[in-house]
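Asks: The structure's right below; bear with me while I get my questions together.
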Amino acid sequence: MNRIITITALALLALSAAAQEPADTIAGRELEEIVIEAPKVIRKADMDVYHPSRSAVEHSKDGMQLLRNLMIPALSVSDALGTIQAAGEAVQVRVNGRPSSVDQVRALLPETIKRVEWIDNPGLRYGGANYVLNFIVANPTVGGSLQTQARPALNQAWGFYFADAKFNTGRSQWEVGANFKLTEDIKSHREYTETFTYPDGTSLTRDETPRGGSLDNSFGALWASYNYIKPDTTVFMAEFKMFHKFSDRFRYDGLLSLSDGSDDIILTDTHGDRGTTPRLSLYWQQNFAHRQMLVVDFSGSLYLGKSYSDYIEQLPGAASLLNDIHTDIRDRNQAYAVEADYIKNWDKSRLTAGASYTANRNRSEYLTLGGSVFHQRQDKVYFFAEYFHRFGKWTATAGIGAQYTSFHFKEYDRGNSSWSARPQATVTYSLNQSHNFRLNFTSWQNAPSLAETNPVPQQLDGFQWRVGNQGLKTSSSYMLTFRYGFSLPRVNGSFGIRAFTSPNAITPLLYWDHGRLVTTYENSRGLQNLSFFLAPQIDIIPNWLTASGYVQYRMERMRGTGYDLRNNAWSGNVSVSLSHWGFTLSGLYVRSQHDLWGEKISWGENLSIIDLFYNWKKWQFGAGILMPFGSYDQGSRSLSKWNRNEQHMRLNMRIPFVQVSYNLQWGRQKRGAQKLVNADANADRSTAGGR
């Protein structure tokens with residue numbers, strides 16, 4: 001597989017060399033910053049700006065398809081799976097500066113998207129995001145739109161369905177929408193082997209032979225929003241969204257063989273969750289004289305749900321059970337957040353200062369413990385100031401943030417609190433219109449989660465348990481990135497080096513306690529890694545054939561109580577798109593990053609997708625297949641001296657599908673409210689046991 005990634009990278013470079021020829025440029029100008037002219041991308045001090053070509057717009061029916069057709073290097077975009085990632089990490093999506101979801105990106109009409117801003121070194125005002133993707137859409141006018149999409153599979157109960165309508169009247173815009181994602185009874189199995197080493201040096205190996213299993217993952221959402229925009233004066237928006245997870249269930253059946261000669265054991269391991277999350281968001285922006293702005297954002301959410309785990313071990317033909325372990329947790333968790341920012345612009349400078357407060361109030365009822373109820377309180381206060389200035393070909397951004405975090409368990413009268421600093425700085429030098437260099441330092445904090453701090457013991461199997469640690473402290477992370485961006489005829493991209501450290505990362509810790517192997521959590525001695533990445537985009541045949549890719553090599557070291565581990569791994573993705581005569585043929589291959597965290601190496605989904613679409617008037621017809629080659633593999637490998645194991649989750653993901661989309665537009669489209677900040681209030685949730 002490493003050879004495939006290496007060969008792909010070399011092929012992309014070879015194609016870029018073969019594709020050199022003069023091309024038109026897009027002239028760009030912005031009052032506050034120097035920009036670089038390039039065929040498709042304008043390189044600014046703090047972002048890359050992509051202007052959709054006419055061909056990309058013509059071959060797209062929604063915002064996700066347009067984003068995929070832009071072929072932004074480093075991005076892995078899957079419309080079929082509804083994911084946007086960069087280097088295996090989540091991307092914060094925004095529309096006109098307002099934090100949004102993939103559903104809201106789908107609801108964008110390609111004709112209204114004027115540019116897409118790609119920010120791979122977000123400042124403090126983005127709340128610690130790794131990457132930011134901001135869609136800038138058309139100015140407010142009048143009109144409306146109706147978008148619908150259906151994507152059923154041909155061989156399994158899998159599919160996606162979507163509808164969204166916008167109505168514009170004067171300075172107002174109303175929107176309603178809904179979606180439904182179906183995944184039911186997808187055949188799966190688990191490959192699992194583990195070796196337990198006891199404190200006295202003896203060991204026991206358990207090999208699991210898969211006997212089947214299934215996966216359910218179905219959810220849906222309803223939303224409604226109102227935007228009021230008075231140009232250059234006032235912006236107000238209100239949005240309500242109801243998200244419901246119908247079922248997120250994993251079931252594995254297997255046969256355990258033990259190295260001590262004991263009889264084989266039949267096991268069933270089932271875990272999952274379901275629940276409902278209503279969410280309300282309110283936003284107000286007021287512009288003042290002398291290019292000043294005040295923005296206030298409020299968000300609140302409620303989670304009503306259930307998480308469960310069932311683990312059963314039984315000897316063949318026996319009437320009684322060796323182990324019958326059930327965990328059933330009901331949550332009623334609330335979250336509230338408010339943020340206020342002040343922004344002042346000058347000709348060559350910008351000052352942003354803000355403060356935010358986030359509150360989580362969690363209530364967990366353990367039905368399997370006689371209905372015992374536990375309460376956890378979390379509070380977070382954050383202040384920051386950030387200043388940007390341009391000096392000829394140089395630009396610099398510097399800022400400092402301070403975060404206070406606390407959590408408290410009512411029943412145990414225990415908790416923790418801490419203050420953390422969050423410095424950040426970026427320096428960019430534009431050599432000329434085709435080359436720039438950027439050095440960025442950023443930092444952020446991660447507060448302990450509900451699952452990591454909950455002191456209630458949970459049994460996982462016959463002798464494995466999990467319990468939270470109330471003594472955890474908020475962890476800090478620091479990252480230094482050097483990036484060289486280049487824009488040449490028919491090829492653009494970036495090359496960079498990234499160094500990361502989290503000196504007190506919150507990680508799992510295993511120990512033996514009276515014959516039980518317990519997993520808890522600690523502030524470890526830290527994770528350090530060094531990454532090298534290359535992300536090119538190549539116009540092989542202008543307006544016809546485009547390729548983009550991302551290749552990363554990471555070296556990392558993790559240290560904690562009783563261990564010092566290292567890991568080196570390749571990862572990346574390759575996208576190819578051929579468009580002509582109304583047809584678009586696309587292919588995507590993703591090799592996931594193998595990440596070291598604590599004493600475990602985990603990897604996500606290795607994916608491949610091929611699809612073909614045809615646009616006809618307001619309709620789009622398409623067909624594709626998930627995993628046309630390769631096999632689905634998501635898993636982990638534990639390197640603990642007490643429990644060495646390797647797990648592979650296999651799914652029958654070779655799924656052919658068809659897709660039909662219909663877009664109806666009238667008048668000219670109105671821009672959504674420009675939300676520059678986000679008070680993020682996500683209700684926490686419990687996690688039931690599961691190996």
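We name chains A, B, ... following the order of the structure tokens; residues begin at 1 in each chain, and ligands are numbered from 1 as shown.
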Fewer than 4 positions away in the same chain doesn't count, so skip those; otherwise give me all residues within 7 Å of range 187-197 of chain A, counting only C-alpha atoms, as an NGL selection string.
Replies: :A and (201-210 or 212-215 or 252 or 641-652)
Asks: Restricted to N, CA and C atoms, what would the selected residues look like written as a short mmCIF file (atom, residue, chain, number, x, y, z; two decimals), in the first residue's frame?
Replies:
data_model
loop_
_atom_site.label_atom_id
_atom_site.label_comp_id
_atom_site.auth_asym_id
_atom_site.auth_seq_id
_atom_site.Cartn_x
_atom_site.Cartn_y
_atom_site.Cartn_z
N GLY A 201 3.38 -12.49 35.38
CA GLY A 201 4.10 -12.88 34.17
C GLY A 201 3.40 -13.91 33.32
N THR A 202 2.38 -14.58 33.83
CA THR A 202 1.63 -15.55 33.02
C THR A 202 0.76 -14.80 32.02
N SER A 203 0.33 -15.51 30.97
CA SER A 203 -0.45 -14.85 29.91
C SER A 203 -1.57 -15.76 29.43
N LEU A 204 -2.55 -15.13 28.79
CA LEU A 204 -3.68 -15.85 28.21
C LEU A 204 -4.01 -15.19 26.87
N THR A 205 -4.09 -16.01 25.82
CA THR A 205 -4.43 -15.50 24.48
C THR A 205 -5.83 -15.94 24.10
N ARG A 206 -6.61 -15.01 23.59
CA ARG A 206 -7.97 -15.30 23.12
C ARG A 206 -8.06 -14.90 21.65
N ASP A 207 -8.37 -15.88 20.80
CA ASP A 207 -8.56 -15.64 19.37
C ASP A 207 -10.04 -15.71 19.06
N GLU A 208 -10.55 -14.68 18.39
CA GLU A 208 -11.96 -14.62 18.04
C GLU A 208 -12.15 -14.97 16.57
N THR A 209 -12.86 -16.05 16.31
CA THR A 209 -13.21 -16.42 14.94
C THR A 209 -14.58 -15.81 14.61
N PRO A 210 -14.65 -14.94 13.59
CA PRO A 210 -15.92 -14.26 13.32
C PRO A 210 -17.00 -15.22 12.83
N GLY A 212 -20.16 -13.65 12.07
CA GLY A 212 -21.14 -12.75 11.47
C GLY A 212 -21.32 -11.50 12.29
N GLY A 213 -22.27 -10.68 11.89
CA GLY A 213 -22.56 -9.43 12.57
C GLY A 213 -23.27 -8.47 11.63
N SER A 214 -23.67 -7.32 12.17
CA SER A 214 -24.38 -6.34 11.36
C SER A 214 -24.17 -4.95 11.92
N LEU A 215 -24.43 -3.96 11.07
CA LEU A 215 -24.29 -2.56 11.43
C LEU A 215 -25.54 -1.80 11.03
N TYR A 252 -21.61 -8.05 16.90
CA TYR A 252 -20.60 -9.00 16.45
C TYR A 252 -20.86 -10.35 17.11
N LYS A 641 1.51 -3.54 27.57
CA LYS A 641 2.16 -4.76 28.08
C LYS A 641 1.17 -5.67 28.78
N TRP A 642 0.01 -5.13 29.21
CA TRP A 642 -1.01 -5.93 29.87
C TRP A 642 -2.02 -6.53 28.90
N ASN A 643 -2.23 -5.87 27.77
CA ASN A 643 -3.22 -6.36 26.81
C ASN A 643 -2.79 -5.97 25.41
N ARG A 644 -2.21 -6.93 24.71
CA ARG A 644 -1.86 -6.70 23.30
C ARG A 644 -2.96 -7.31 22.44
N ASN A 645 -3.55 -6.47 21.60
CA ASN A 645 -4.63 -6.98 20.76
C ASN A 645 -4.63 -6.27 19.42
N GLU A 646 -5.30 -6.87 18.46
CA GLU A 646 -5.48 -6.27 17.14
C GLU A 646 -6.91 -6.54 16.69
N GLN A 647 -7.58 -5.48 16.23
CA GLN A 647 -8.98 -5.57 15.85
C GLN A 647 -9.19 -4.97 14.47
N HIS A 648 -9.93 -5.68 13.62
CA HIS A 648 -10.31 -5.20 12.30
C HIS A 648 -11.82 -5.29 12.16
N MET A 649 -12.45 -4.18 11.85
CA MET A 649 -13.88 -4.18 11.58
C MET A 649 -14.07 -4.22 10.07
N ARG A 650 -14.74 -5.25 9.60
CA ARG A 650 -14.97 -5.43 8.17
C ARG A 650 -16.45 -5.24 7.85
N LEU A 651 -16.72 -4.47 6.82
CA LEU A 651 -18.09 -4.25 6.37
C LEU A 651 -18.23 -4.61 4.90
N ASN A 652 -19.41 -5.06 4.54
CA ASN A 652 -19.71 -5.31 3.13
C ASN A 652 -20.08 -3.97 2.48
#
Asks: Leaving out range 587-602 of chain A and any residue of its chain fewer than 3 positions from it, which residues lie within 7 Å of it when counting only C-alpha atoms, given as number ranges by chain?
Replies: A: 88, 507-508, 558, 567, 569-577, 605-611, 635-640
Asks: At what distance in Å, to one decimal, does CA of Ser247 in chain A lie from CA of Asp216 in chain A?
Replies: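 Calculated distance between CA of Asp216 in chain A and CA of Ser247 in chain A is 6.0 Å.
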Asks: I need the residues in range 408-655 of chain A that are alpha helix (DSSP H) according to DSSP; give them as a ChimeraX atom specification.
Replies: /A:450-453
Asks: Let's have the selection written as a tab-separated table (two decimals), in the first residue's frame, with all heavy atoms.
Replies:
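Everything below was put into out.tsv:
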chain	number	residue	atom	x	y	z
A	450	LEU	N	-16.99	13.77	29.30
A	450	LEU	CA	-17.83	13.10	30.29
A	450	LEU	C	-17.40	11.66	30.48
A	450	LEU	O	-17.31	11.16	31.62
A	450	LEU	CB	-19.29	13.17	29.84
A	450	LEU	CG	-20.31	12.40	30.67
A	450	LEU	CD1	-20.34	12.93	32.09
A	450	LEU	CD2	-21.70	12.50	30.03
A	451	ALA	N	-17.12	10.93	29.39
A	451	ALA	CA	-16.73	9.53	29.49
A	451	ALA	C	-15.39	9.37	30.21
A	451	ALA	O	-15.16	8.39	30.93
A	451	ALA	CB	-16.67	8.90	28.11
A	452	GLU	N	-14.47	10.33	30.02
A	452	GLU	CA	-13.13	10.21	30.61
A	452	GLU	C	-13.11	10.54	32.10
A	452	GLU	O	-12.18	10.15	32.81
A	452	GLU	CB	-12.17	11.14	29.87
A	452	GLU	CG	-11.89	10.70	28.45
A	452	GLU	CD	-11.19	11.78	27.63
A	452	GLU	OE1	-11.29	12.97	28.00
A	452	GLU	OE2	-10.57	11.44	26.61
A	453	THR	N	-14.12	11.24	32.59
A	453	THR	CA	-14.13	11.65	34.00
A	453	THR	C	-15.20	10.95	34.83
A	453	THR	O	-15.18	11.05	36.05
A	453	THR	CB	-14.34	13.17	34.10
A	453	THR	OG1	-15.53	13.53	33.39
A	453	THR	CG2	-13.16	13.92	33.50
